[in-house]
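Input: a single structure, listed below in structure tokens.
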Amino acid sequence: MVHDEGTSAASRPVDADNHYYEPLDAFTRHLDRKLRHRAVRVVQDGSHAEMVIAGKVNNFIPNPTFDPVIVPGCLDLQFRGQIPPGVDPRSLTKVEPISPAYRDRDVRIMTMDAQGLDAVLLFPTLGCGVEQALVRDVPATMASLTAFNRWLEDDWGYAYQGRIFAAPMISLADPAGAVEEVDRVLALGARIVHVRPAPVPTGGDHGRSLGDRAHDPVWARLAEADIPVAFHLGDSGYNGTVGAAWGGPEDFAPFRAPDPLGSVLIADRAIHDTMASLIVGGVFTRHPALRVASVENGSDWVYPLVKSVRKLANRAPRLVPEDPLDTLRQHVWVTPYYEEDLRKLADTIGVERVLFGSDWPHGEGLAEPAAFVDELGAFSPDEVHRIMRANCAELIGLPS
């Protein structure tokens with residue numbers, strides 16, 4: 001599925017997991033100055049910059065200038081678990097000057113043409129760590145994400161040339177404010193929104209389930225508008241609640257010294273618990289038209305989730321009136337990691353619910369997005385088309 005001039009757009013892949021690298025002012029350009037010391041600030045000393053969030057240096061991204069930045073796909077072997085014997089994993093990391101394609105939407109369109117892609121869903125990089133850093137300050141959270149979305153509107157738009165679909169970030173921390181922001185971004189053409197896969201912050205010690213009825217107005221708006229929700233991997237706060245309990249660091253700093261035990265304990269817990277909260281909380285029962293996508297969380301969480309919720313349903317059928325696997329098959333789309341058992345996933349949730357996602361241009365993703373097709377040897381040509389294009393196209397309203 002490579003691009004050539006004779007290949008129609010409607011046959012080219014749609015990548016469900018692409019990223020930009022934010023400029024330093026992504027959270028501050030439109031932020032109310034009254035909140036600048038409570039929310040996101042950029043502190044610079046020459047060419048060195050740090051993000052200070054809620055008065056604390058944030059280590060989610062150690063170099064928020066992204067210049068230099070990691071080479072796309074250079075960590076492929078590491079994430080496949082196929083590092084050759086004798087090769088130091090650290091030697092795989094390569095960096096280069098930042099490319100205009102990571103920040104300029106017109107250059108990105110040209111890059112997509114060269115990659116053979118028709119369209120992409122576009123997600124944050126730095127932005128995936130900000131809501132957790134503001135977990136104790138609900139007003140600053142809401143203002144910061146709105147400011148971010150306004151930057152996104154400036155630099156990328158929500159449906160640029162019908163090919164780049166950037167997802168605004170929605171926090172449910174203030175349910176009424178969330179409805180207002182959803183209405184605002186939908187009016188500007190958003191075709192998908194991003195919600196953090198995590199307990200909803202309340203400003204205190206205890207969060208709120210995504211399945212809480214307080215969020216029903218948001219789910220209702222999105223279901224009525226036929227706009228899907230993406231739950232993308234990020235800082236879900238599990239280092240503080242799970243990793244730290246076992247002696248690990250409280251903060252998620254993925255590019256600092258690793259926490260081996262924490263990486264095992266936390267793994268895909270956030271997306272597993274997110275989907276459990278929606279299913280057990282009855283969200284899909286109350287909003288049968290709601291569609292959600294798990295992006296960059298892999299797919300191994302699917303099987304233990306189905307098992308545990310089925311066990312609950314057996315003990316207390318009134319709490320889970322529908323089979324959880326049926327719920328997943330009807331409401332949930334999944335972008336698996338390319339090294340996983342893709343045939344098993346398709347046979348479990350249905351091939352119509354599997355999305356191709358490259359994670360480009362991140363180092364742990366694919367150097368060439370469309371190379372994902374090389375992992376689909378166990379699929380028929382029609383199934384390959386569904387995974388590489390039709391499923392995501394249908395999710396956001398493109399020709400399939």
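Chain lettering (A, B, ...) mirrors the order of the structure tokens, residue numbering begins at 1 for each chain separately, and ligand numbering begins at 1 in order of display.
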
Residues at most 9 Å from A:Ala367, counting only C-alpha atoms, excluding those fewer than 6 positions away in the same chain, as a PDB file with C-alpha atoms, in the first residue's frame?
ATOM      1  CA  VAL A  71      14.509   9.646  14.913  1.00  0.00           C
ATOM      2  CA  PRO A  72      11.208   8.002  13.907  1.00  0.00           C
ATOM      3  CA  GLY A  73      11.243   4.246  14.424  1.00  0.00           C
ATOM      4  CA  CYS A  74      14.786   4.007  15.792  1.00  0.00           C
ATOM      5  CA  ASP A  76      11.659  -0.523  16.713  1.00  0.00           C
ATOM      6  CA  SER A 358       2.048   3.815  13.408  1.00  0.00           C
ATOM      7  CA  TRP A 360       4.855   8.278  13.722  1.00  0.00           C
ATOM      8  CA  PRO A 361       7.157  10.170  14.250  1.00  0.00           C
TER       9      PRO A 361
END

Sel. of strand (DSSP E) residues, stretch 140-339 of chain A, as a PyMOL selection string: chain A and resi 164-166+169-170+193-195+229-232+292-295+332-334

Excluding A:Ser209 and any residue of its chain fewer than 6 positions from it, enumerate the residues within 7 Å of it, using only C-alpha atoms, and give them as a PyMOL selection string. chain A and resi 199-200+277

May I have the residues within 7 Å of A:Leu75 as an MDAnalysis selection string, using only C-alpha atoms and disregarding those fewer than 4 positions away in the same chain? chainID A and resid 79 92:93 363:364

Skip A:Asp235 itself and residues of its chain fewer than 4 positions away, then list as a PDB file with all heavy atoms, in the first residue's frame all residues within 12 Å of it, counting only C-alpha atoms.
ATOM      1  N   ASN A  58       8.377  19.868  35.281  1.00  0.00           N
ATOM      2  CA  ASN A  58       7.743  18.655  34.774  1.00  0.00           C
ATOM      3  C   ASN A  58       8.718  17.873  33.922  1.00  0.00           C
ATOM      4  O   ASN A  58       9.315  18.404  32.976  1.00  0.00           O
ATOM      5  CB  ASN A  58       6.498  19.029  33.969  1.00  0.00           C
ATOM      6  CG  ASN A  58       5.722  17.823  33.506  1.00  0.00           C
ATOM      7  OD1 ASN A  58       5.939  17.315  32.419  1.00  0.00           O
ATOM      8  ND2 ASN A  58       4.820  17.339  34.349  1.00  0.00           N
ATOM      9  N   ASN A  59       8.881  16.582  34.225  1.00  0.00           N
ATOM     10  CA  ASN A  59       9.851  15.742  33.531  1.00  0.00           C
ATOM     11  C   ASN A  59       9.211  14.769  32.546  1.00  0.00           C
ATOM     12  O   ASN A  59       9.861  13.821  32.096  1.00  0.00           O
ATOM     13  CB  ASN A  59      10.682  14.953  34.544  1.00  0.00           C
ATOM     14  CG  ASN A  59      11.613  15.851  35.343  1.00  0.00           C
ATOM     15  OD1 ASN A  59      12.253  16.745  34.785  1.00  0.00           O
ATOM     16  ND2 ASN A  59      11.674  15.633  36.653  1.00  0.00           N
ATOM     17  N   PHE A  60       7.950  14.979  32.219  1.00  0.00           N
ATOM     18  CA  PHE A  60       7.305  14.094  31.242  1.00  0.00           C
ATOM     19  C   PHE A  60       8.069  14.128  29.923  1.00  0.00           C
ATOM     20  O   PHE A  60       8.308  13.088  29.303  1.00  0.00           O
ATOM     21  CB  PHE A  60       5.853  14.525  31.047  1.00  0.00           C
ATOM     22  CG  PHE A  60       5.072  13.654  30.105  1.00  0.00           C
ATOM     23  CD1 PHE A  60       4.711  12.364  30.455  1.00  0.00           C
ATOM     24  CD2 PHE A  60       4.691  14.116  28.855  1.00  0.00           C
ATOM     25  CE1 PHE A  60       3.994  11.560  29.587  1.00  0.00           C
ATOM     26  CE2 PHE A  60       3.969  13.323  27.978  1.00  0.00           C
ATOM     27  CZ  PHE A  60       3.625  12.038  28.352  1.00  0.00           C
ATOM     28  N   ILE A  61       8.447  15.313  29.478  1.00  0.00           N
ATOM     29  CA  ILE A  61       9.300  15.481  28.303  1.00  0.00           C
ATOM     30  C   ILE A  61      10.531  16.277  28.754  1.00  0.00           C
ATOM     31  O   ILE A  61      10.403  17.453  29.095  1.00  0.00           O
ATOM     32  CB  ILE A  61       8.577  16.235  27.168  1.00  0.00           C
ATOM     33  CG1 ILE A  61       7.342  15.469  26.703  1.00  0.00           C
ATOM     34  CG2 ILE A  61       9.533  16.486  26.001  1.00  0.00           C
ATOM     35  CD1 ILE A  61       7.620  14.147  26.023  1.00  0.00           C
ATOM     36  N   THR A 125       1.962  15.150  21.989  1.00  0.00           N
ATOM     37  CA  THR A 125       3.125  14.481  22.569  1.00  0.00           C
ATOM     38  C   THR A 125       3.298  15.018  23.991  1.00  0.00           C
ATOM     39  O   THR A 125       2.945  14.345  24.960  1.00  0.00           O
ATOM     40  CB  THR A 125       4.373  14.714  21.717  1.00  0.00           C
ATOM     41  OG1 THR A 125       4.156  14.172  20.398  1.00  0.00           O
ATOM     42  CG2 THR A 125       5.592  14.010  22.323  1.00  0.00           C
ATOM     43  N   LEU A 126       3.772  16.234  24.111  1.00  0.00           N
ATOM     44  CA  LEU A 126       3.877  16.877  25.419  1.00  0.00           C
ATOM     45  C   LEU A 126       2.514  16.951  26.108  1.00  0.00           C
ATOM     46  O   LEU A 126       2.390  16.756  27.323  1.00  0.00           O
ATOM     47  CB  LEU A 126       4.451  18.290  25.258  1.00  0.00           C
ATOM     48  CG  LEU A 126       4.450  19.188  26.497  1.00  0.00           C
ATOM     49  CD1 LEU A 126       5.395  18.635  27.544  1.00  0.00           C
ATOM     50  CD2 LEU A 126       4.810  20.620  26.128  1.00  0.00           C
ATOM     51  N   GLY A 127       1.492  17.206  25.346  1.00  0.00           N
ATOM     52  CA  GLY A 127       0.168  17.408  25.910  1.00  0.00           C
ATOM     53  C   GLY A 127      -0.372  16.224  26.683  1.00  0.00           C
ATOM     54  O   GLY A 127      -1.245  16.391  27.554  1.00  0.00           O
ATOM     55  N   CYS A 128       0.134  15.029  26.418  1.00  0.00           N
ATOM     56  CA  CYS A 128      -0.367  13.835  27.096  1.00  0.00           C
ATOM     57  C   CYS A 128       0.059  13.761  28.561  1.00  0.00           C
ATOM     58  O   CYS A 128      -0.371  12.861  29.282  1.00  0.00           O
ATOM     59  CB  CYS A 128       0.101  12.578  26.358  1.00  0.00           C
ATOM     60  SG  CYS A 128      -0.672  12.353  24.734  1.00  0.00           S
ATOM     61  N   GLY A 129       0.920  14.685  28.997  1.00  0.00           N
ATOM     62  CA  GLY A 129       1.369  14.648  30.384  1.00  0.00           C
ATOM     63  C   GLY A 129       0.887  15.797  31.239  1.00  0.00           C
ATOM     64  O   GLY A 129       1.211  15.861  32.427  1.00  0.00           O
ATOM     65  N   VAL A 130       0.098  16.705  30.674  1.00  0.00           N
ATOM     66  CA  VAL A 130      -0.214  17.942  31.393  1.00  0.00           C
ATOM     67  C   VAL A 130      -1.368  17.783  32.374  1.00  0.00           C
ATOM     68  O   VAL A 130      -1.328  18.323  33.489  1.00  0.00           O
ATOM     69  CB  VAL A 130      -0.486  19.082  30.396  1.00  0.00           C
ATOM     70  CG1 VAL A 130      -1.090  20.293  31.086  1.00  0.00           C
ATOM     71  CG2 VAL A 130       0.807  19.466  29.691  1.00  0.00           C
ATOM     72  N   GLU A 131      -2.412  17.047  32.015  1.00  0.00           N
ATOM     73  CA  GLU A 131      -3.560  16.963  32.913  1.00  0.00           C
ATOM     74  C   GLU A 131      -3.179  16.347  34.257  1.00  0.00           C
ATOM     75  O   GLU A 131      -3.649  16.793  35.315  1.00  0.00           O
ATOM     76  CB  GLU A 131      -4.706  16.181  32.276  1.00  0.00           C
ATOM     77  CG  GLU A 131      -5.989  16.270  33.079  1.00  0.00           C
ATOM     78  CD  GLU A 131      -7.203  15.674  32.379  1.00  0.00           C
ATOM     79  OE1 GLU A 131      -7.085  15.247  31.226  1.00  0.00           O
ATOM     80  OE2 GLU A 131      -8.279  15.654  33.016  1.00  0.00           O
ATOM     81  N   GLN A 132      -2.320  15.330  34.237  1.00  0.00           N
ATOM     82  CA  GLN A 132      -1.899  14.727  35.497  1.00  0.00           C
ATOM     83  C   GLN A 132      -1.106  15.714  36.350  1.00  0.00           C
ATOM     84  O   GLN A 132      -1.236  15.732  37.579  1.00  0.00           O
ATOM     85  CB  GLN A 132      -1.078  13.460  35.244  1.00  0.00           C
ATOM     86  CG  GLN A 132      -0.546  12.785  36.495  1.00  0.00           C
ATOM     87  CD  GLN A 132      -1.639  12.365  37.469  1.00  0.00           C
ATOM     88  OE1 GLN A 132      -2.767  12.047  37.044  1.00  0.00           O
ATOM     89  NE2 GLN A 132      -1.340  12.355  38.751  1.00  0.00           N
ATOM     90  N   ALA A 133      -0.288  16.534  35.699  1.00  0.00           N
ATOM     91  CA  ALA A 133       0.511  17.500  36.450  1.00  0.00           C
ATOM     92  C   ALA A 133      -0.363  18.554  37.122  1.00  0.00           C
ATOM     93  O   ALA A 133       0.062  19.188  38.093  1.00  0.00           O
ATOM     94  CB  ALA A 133       1.520  18.170  35.523  1.00  0.00           C
ATOM     95  N   LEU A 134      -1.591  18.736  36.634  1.00  0.00           N
ATOM     96  CA  LEU A 134      -2.516  19.723  37.194  1.00  0.00           C
ATOM     97  C   LEU A 134      -3.656  19.063  37.975  1.00  0.00           C
ATOM     98  O   LEU A 134      -4.689  19.684  38.220  1.00  0.00           O
ATOM     99  CB  LEU A 134      -3.101  20.575  36.069  1.00  0.00           C
ATOM    100  CG  LEU A 134      -2.122  21.512  35.361  1.00  0.00           C
ATOM    101  CD1 LEU A 134      -2.762  22.094  34.110  1.00  0.00           C
ATOM    102  CD2 LEU A 134      -1.680  22.628  36.298  1.00  0.00           C
ATOM    103  N   VAL A 135      -3.456  17.825  38.396  1.00  0.00           N
ATOM    104  CA  VAL A 135      -4.539  17.025  38.938  1.00  0.00           C
ATOM    105  C   VAL A 135      -5.182  17.649  40.174  1.00  0.00           C
ATOM    106  O   VAL A 135      -6.357  17.391  40.473  1.00  0.00           O
ATOM    107  CB  VAL A 135      -4.030  15.591  39.226  1.00  0.00           C
ATOM    108  CG1 VAL A 135      -3.089  15.568  40.424  1.00  0.00           C
ATOM    109  CG2 VAL A 135      -5.178  14.622  39.423  1.00  0.00           C
ATOM    110  N   VAL A 195      -9.839  12.076  25.346  1.00  0.00           N
ATOM    111  CA  VAL A 195     -10.052  12.089  26.785  1.00  0.00           C
ATOM    112  C   VAL A 195      -8.993  11.200  27.418  1.00  0.00           C
ATOM    113  O   VAL A 195      -8.713  10.104  26.920  1.00  0.00           O
ATOM    114  CB  VAL A 195     -11.472  11.599  27.154  1.00  0.00           C
ATOM    115  CG1 VAL A 195     -11.629  11.459  28.670  1.00  0.00           C
ATOM    116  CG2 VAL A 195     -12.532  12.553  26.602  1.00  0.00           C
ATOM    117  N   ARG A 196      -8.403  11.671  28.518  1.00  0.00           N
ATOM    118  CA  ARG A 196      -7.325  10.924  29.160  1.00  0.00           C
ATOM    119  C   ARG A 196      -7.852   9.617  29.739  1.00  0.00           C
ATOM    120  O   ARG A 196      -8.875   9.607  30.425  1.00  0.00           O
ATOM    121  CB  ARG A 196      -6.715  11.777  30.274  1.00  0.00           C
ATOM    122  CG  ARG A 196      -5.436  11.217  30.879  1.00  0.00           C
ATOM    123  CD  ARG A 196      -4.824  12.211  31.846  1.00  0.00           C
ATOM    124  NE  ARG A 196      -5.645  12.386  33.032  1.00  0.00           N
ATOM    125  CZ  ARG A 196      -5.215  12.203  34.283  1.00  0.00           C
ATOM    126  NH1 ARG A 196      -3.966  11.847  34.500  1.00  0.00           N
ATOM    127  NH2 ARG A 196      -6.013  12.397  35.295  1.00  0.00           N
ATOM    128  N   PRO A 197      -7.184   8.481  29.483  1.00  0.00           N
ATOM    129  CA  PRO A 197      -7.595   7.212  30.087  1.00  0.00           C
ATOM    130  C   PRO A 197      -7.132   7.148  31.540  1.00  0.00           C
ATOM    131  O   PRO A 197      -6.053   6.627  31.860  1.00  0.00           O
ATOM    132  CB  PRO A 197      -6.891   6.163  29.216  1.00  0.00           C
ATOM    133  CG  PRO A 197      -5.660   6.862  28.712  1.00  0.00           C
ATOM    134  CD  PRO A 197      -6.035   8.318  28.573  1.00  0.00           C
ATOM    135  N   ALA A 198      -7.953   7.666  32.438  1.00  0.00           N
ATOM    136  CA  ALA A 198      -7.553   7.807  33.833  1.00  0.00           C
ATOM    137  C   ALA A 198      -8.759   8.160  34.673  1.00  0.00           C
ATOM    138  O   ALA A 198      -9.785   8.621  34.140  1.00  0.00           O
ATOM    139  CB  ALA A 198      -6.499   8.913  33.963  1.00  0.00           C
ATOM    140  N   PRO A 199      -8.662   7.995  35.987  1.00  0.00           N
ATOM    141  CA  PRO A 199      -9.720   8.536  36.837  1.00  0.00           C
ATOM    142  C   PRO A 199      -9.847  10.038  36.609  1.00  0.00           C
ATOM    143  O   PRO A 199      -8.851  10.725  36.374  1.00  0.00           O
ATOM    144  CB  PRO A 199      -9.209   8.242  38.262  1.00  0.00           C
ATOM    145  CG  PRO A 199      -8.223   7.127  38.105  1.00  0.00           C
ATOM    146  CD  PRO A 199      -7.594   7.324  36.760  1.00  0.00           C
ATOM    147  N   PHE A 231      -9.041   7.441  23.547  1.00  0.00           N
ATOM    148  CA  PHE A 231      -8.292   7.356  24.795  1.00  0.00           C
ATOM    149  C   PHE A 231      -6.853   6.994  24.430  1.00  0.00           C
ATOM    150  O   PHE A 231      -6.548   5.841  24.125  1.00  0.00           O
ATOM    151  CB  PHE A 231      -8.893   6.300  25.721  1.00  0.00           C
ATOM    152  CG  PHE A 231     -10.266   6.641  26.223  1.00  0.00           C
ATOM    153  CD1 PHE A 231     -11.390   6.103  25.624  1.00  0.00           C
ATOM    154  CD2 PHE A 231     -10.436   7.506  27.294  1.00  0.00           C
ATOM    155  CE1 PHE A 231     -12.666   6.409  26.088  1.00  0.00           C
ATOM    156  CE2 PHE A 231     -11.697   7.833  27.760  1.00  0.00           C
ATOM    157  CZ  PHE A 231     -12.817   7.281  27.156  1.00  0.00           C
ATOM    158  N   ASN A 239       1.694   6.006  38.269  1.00  0.00           N
ATOM    159  CA  ASN A 239       2.955   5.963  39.003  1.00  0.00           C
ATOM    160  C   ASN A 239       2.738   6.348  40.456  1.00  0.00           C
ATOM    161  O   ASN A 239       3.302   5.734  41.368  1.00  0.00           O
ATOM    162  CB  ASN A 239       3.985   6.897  38.356  1.00  0.00           C
ATOM    163  CG  ASN A 239       4.513   6.339  37.070  1.00  0.00           C
ATOM    164  OD1 ASN A 239       3.824   6.395  36.049  1.00  0.00           O
ATOM    165  ND2 ASN A 239       5.713   5.787  37.072  1.00  0.00           N
ATOM    166  N   GLY A 240       1.928   7.370  40.674  1.00  0.00           N
ATOM    167  CA  GLY A 240       1.680   7.815  42.031  1.00  0.00           C
ATOM    168  C   GLY A 240       0.824   6.862  42.836  1.00  0.00           C
ATOM    169  O   GLY A 240       0.992   6.741  44.049  1.00  0.00           O
ATOM    170  N   THR A 241      -0.120   6.165  42.182  1.00  0.00           N
ATOM    171  CA  THR A 241      -1.042   5.299  42.908  1.00  0.00           C
ATOM    172  C   THR A 241      -0.611   3.833  42.941  1.00  0.00           C
ATOM    173  O   THR A 241      -0.949   3.119  43.877  1.00  0.00           O
ATOM    174  CB  THR A 241      -2.446   5.376  42.295  1.00  0.00           C
ATOM    175  OG1 THR A 241      -2.378   5.037  40.906  1.00  0.00           O
ATOM    176  CG2 THR A 241      -3.014   6.782  42.437  1.00  0.00           C
ATOM    177  N   GLU A 250       6.942   8.634  42.048  1.00  0.00           N
ATOM    178  CA  GLU A 250       5.549   9.048  41.946  1.00  0.00           C
ATOM    179  C   GLU A 250       5.215   9.664  40.590  1.00  0.00           C
ATOM    180  O   GLU A 250       4.061   9.659  40.176  1.00  0.00           O
ATOM    181  CB  GLU A 250       5.231  10.063  43.047  1.00  0.00           C
ATOM    182  CG  GLU A 250       5.221   9.464  44.439  1.00  0.00           C
ATOM    183  CD  GLU A 250       4.696  10.441  45.473  1.00  0.00           C
ATOM    184  OE1 GLU A 250       4.397  11.593  45.088  1.00  0.00           O
ATOM    185  OE2 GLU A 250       4.584  10.051  46.643  1.00  0.00           O
ATOM    186  N   ASP A 251       6.217  10.205  39.902  1.00  0.00           N
ATOM    187  CA  ASP A 251       5.981  10.893  38.642  1.00  0.00           C
ATOM    188  C   ASP A 251       6.344  10.010  37.453  1.00  0.00           C
ATOM    189  O   ASP A 251       7.295   9.229  37.514  1.00  0.00           O
ATOM    190  CB  ASP A 251       6.785  12.184  38.576  1.00  0.00           C
ATOM    191  CG  ASP A 251       6.351  13.179  39.639  1.00  0.00           C
ATOM    192  OD1 ASP A 251       5.150  13.190  39.976  1.00  0.00           O
ATOM    193  OD2 ASP A 251       7.203  13.934  40.135  1.00  0.00           O
ATOM    194  N   PHE A 252       5.590  10.161  36.388  1.00  0.00           N
ATOM    195  CA  PHE A 252       5.863   9.435  35.153  1.00  0.00           C
ATOM    196  C   PHE A 252       6.877  10.237  34.340  1.00  0.00           C
ATOM    197  O   PHE A 252       6.559  11.312  33.830  1.00  0.00           O
ATOM    198  CB  PHE A 252       4.559   9.265  34.382  1.00  0.00           C
ATOM    199  CG  PHE A 252       4.692   8.517  33.078  1.00  0.00           C
ATOM    200  CD1 PHE A 252       5.482   7.391  32.978  1.00  0.00           C
ATOM    201  CD2 PHE A 252       3.998   8.937  31.958  1.00  0.00           C
ATOM    202  CE1 PHE A 252       5.595   6.694  31.781  1.00  0.00           C
ATOM    203  CE2 PHE A 252       4.090   8.249  30.756  1.00  0.00           C
ATOM    204  CZ  PHE A 252       4.893   7.131  30.675  1.00  0.00           C
ATOM    205  N   ALA A 253       8.093   9.733  34.263  1.00  0.00           N
ATOM    206  CA  ALA A 253       9.155  10.400  33.504  1.00  0.00           C
ATOM    207  C   ALA A 253       9.756   9.370  32.555  1.00  0.00           C
ATOM    208  O   ALA A 253      10.804   8.775  32.833  1.00  0.00           O
ATOM    209  CB  ALA A 253      10.216  10.960  34.443  1.00  0.00           C
ATOM    210  N   PRO A 254       9.099   9.115  31.415  1.00  0.00           N
ATOM    211  CA  PRO A 254       9.458   7.988  30.554  1.00  0.00           C
ATOM    212  C   PRO A 254      10.850   8.063  29.952  1.00  0.00           C
ATOM    213  O   PRO A 254      11.373   7.042  29.488  1.00  0.00           O
ATOM    214  CB  PRO A 254       8.376   8.014  29.471  1.00  0.00           C
ATOM    215  CG  PRO A 254       7.875   9.421  29.458  1.00  0.00           C
ATOM    216  CD  PRO A 254       7.965   9.900  30.862  1.00  0.00           C
ATOM    217  N   ILE A 266       2.342  -1.380  36.055  1.00  0.00           N
ATOM    218  CA  ILE A 266       1.424  -0.397  35.475  1.00  0.00           C
ATOM    219  C   ILE A 266       1.000  -0.811  34.070  1.00  0.00           C
ATOM    220  O   ILE A 266      -0.182  -0.880  33.752  1.00  0.00           O
ATOM    221  CB  ILE A 266       2.077   0.997  35.474  1.00  0.00           C
ATOM    222  CG1 ILE A 266       2.338   1.445  36.915  1.00  0.00           C
ATOM    223  CG2 ILE A 266       1.201   2.001  34.746  1.00  0.00           C
ATOM    224  CD1 ILE A 266       3.209   2.671  37.033  1.00  0.00           C
ATOM    225  N   ALA A 267       1.983  -1.068  33.205  1.00  0.00           N
ATOM    226  CA  ALA A 267       1.740  -1.578  31.837  1.00  0.00           C
ATOM    227  C   ALA A 267       0.483  -0.968  31.229  1.00  0.00           C
ATOM    228  O   ALA A 267       0.397   0.226  31.006  1.00  0.00           O
ATOM    229  CB  ALA A 267       1.693  -3.098  31.856  1.00  0.00           C
ATOM    230  N   ASP A 268      -0.508  -1.810  30.950  1.00  0.00           N
ATOM    231  CA  ASP A 268      -1.734  -1.333  30.305  1.00  0.00           C
ATOM    232  C   ASP A 268      -2.902  -1.232  31.291  1.00  0.00           C
ATOM    233  O   ASP A 268      -4.066  -1.340  30.916  1.00  0.00           O
ATOM    234  CB  ASP A 268      -2.108  -2.208  29.117  1.00  0.00           C
ATOM    235  CG  ASP A 268      -2.098  -3.697  29.441  1.00  0.00           C
ATOM    236  OD1 ASP A 268      -2.073  -4.041  30.645  1.00  0.00           O
ATOM    237  OD2 ASP A 268      -2.127  -4.507  28.506  1.00  0.00           O
ATOM    238  N   ARG A 269      -2.577  -0.998  32.545  1.00  0.00           N
ATOM    239  CA  ARG A 269      -3.618  -0.876  33.564  1.00  0.00           C
ATOM    240  C   ARG A 269      -4.586   0.265  33.266  1.00  0.00           C
ATOM    241  O   ARG A 269      -5.797   0.146  33.460  1.00  0.00           O
ATOM    242  CB  ARG A 269      -2.968  -0.636  34.942  1.00  0.00           C
ATOM    243  CG  ARG A 269      -2.423  -1.873  35.635  1.00  0.00           C
ATOM    244  CD  ARG A 269      -3.525  -2.690  36.256  1.00  0.00           C
ATOM    245  NE  ARG A 269      -4.286  -1.928  37.238  1.00  0.00           N
ATOM    246  CZ  ARG A 269      -3.954  -1.834  38.536  1.00  0.00           C
ATOM    247  NH1 ARG A 269      -2.850  -2.419  38.980  1.00  0.00           N
ATOM    248  NH2 ARG A 269      -4.721  -1.148  39.356  1.00  0.00           N
ATOM    249  N   ALA A 270      -4.068   1.400  32.816  1.00  0.00           N
ATOM    250  CA  ALA A 270      -4.933   2.579  32.663  1.00  0.00           C
ATOM    251  C   ALA A 270      -6.040   2.340  31.648  1.00  0.00           C
ATOM    252  O   ALA A 270      -7.206   2.670  31.897  1.00  0.00           O
ATOM    253  CB  ALA A 270      -4.091   3.792  32.282  1.00  0.00           C
ATOM    254  N   ILE A 271      -5.707   1.779  30.486  1.00  0.00           N
ATOM    255  CA  ILE A 271      -6.744   1.577  29.477  1.00  0.00           C
ATOM    256  C   ILE A 271      -7.687   0.453  29.898  1.00  0.00           C
ATOM    257  O   ILE A 271      -8.902   0.520  29.659  1.00  0.00           O
ATOM    258  CB  ILE A 271      -6.130   1.317  28.074  1.00  0.00           C
ATOM    259  CG1 ILE A 271      -7.216   1.345  27.001  1.00  0.00           C
ATOM    260  CG2 ILE A 271      -5.358   0.013  28.054  1.00  0.00           C
ATOM    261  CD1 ILE A 271      -7.940   2.665  26.870  1.00  0.00           C
ATOM    262  N   ASN A 297      -2.383   2.036  23.161  1.00  0.00           N
ATOM    263  CA  ASN A 297      -2.412   1.291  24.418  1.00  0.00           C
ATOM    264  C   ASN A 297      -2.223  -0.203  24.202  1.00  0.00           C
ATOM    265  O   ASN A 297      -2.370  -0.981  25.140  1.00  0.00           O
ATOM    266  CB  ASN A 297      -3.747   1.512  25.134  1.00  0.00           C
ATOM    267  CG  ASN A 297      -3.972   2.946  25.532  1.00  0.00           C
ATOM    268  OD1 ASN A 297      -3.287   3.477  26.395  1.00  0.00           O
ATOM    269  ND2 ASN A 297      -4.950   3.600  24.899  1.00  0.00           N
TER     270      ASN A 297
END

From a backbone DSSP assignment, name each residue in stretch 108-331 of chain A labelled helix (DSSP H, G or I), as a PyMOL selection string. chain A and resi 108-115+126-133+138-155+175-187+213-225+238-246+260-266+269-280+283-286+302-315+324-331

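Reported to one decimal place, the separation of atom CA of A:Val179 from atom CA of A:Glu394 is 24.8 Å.
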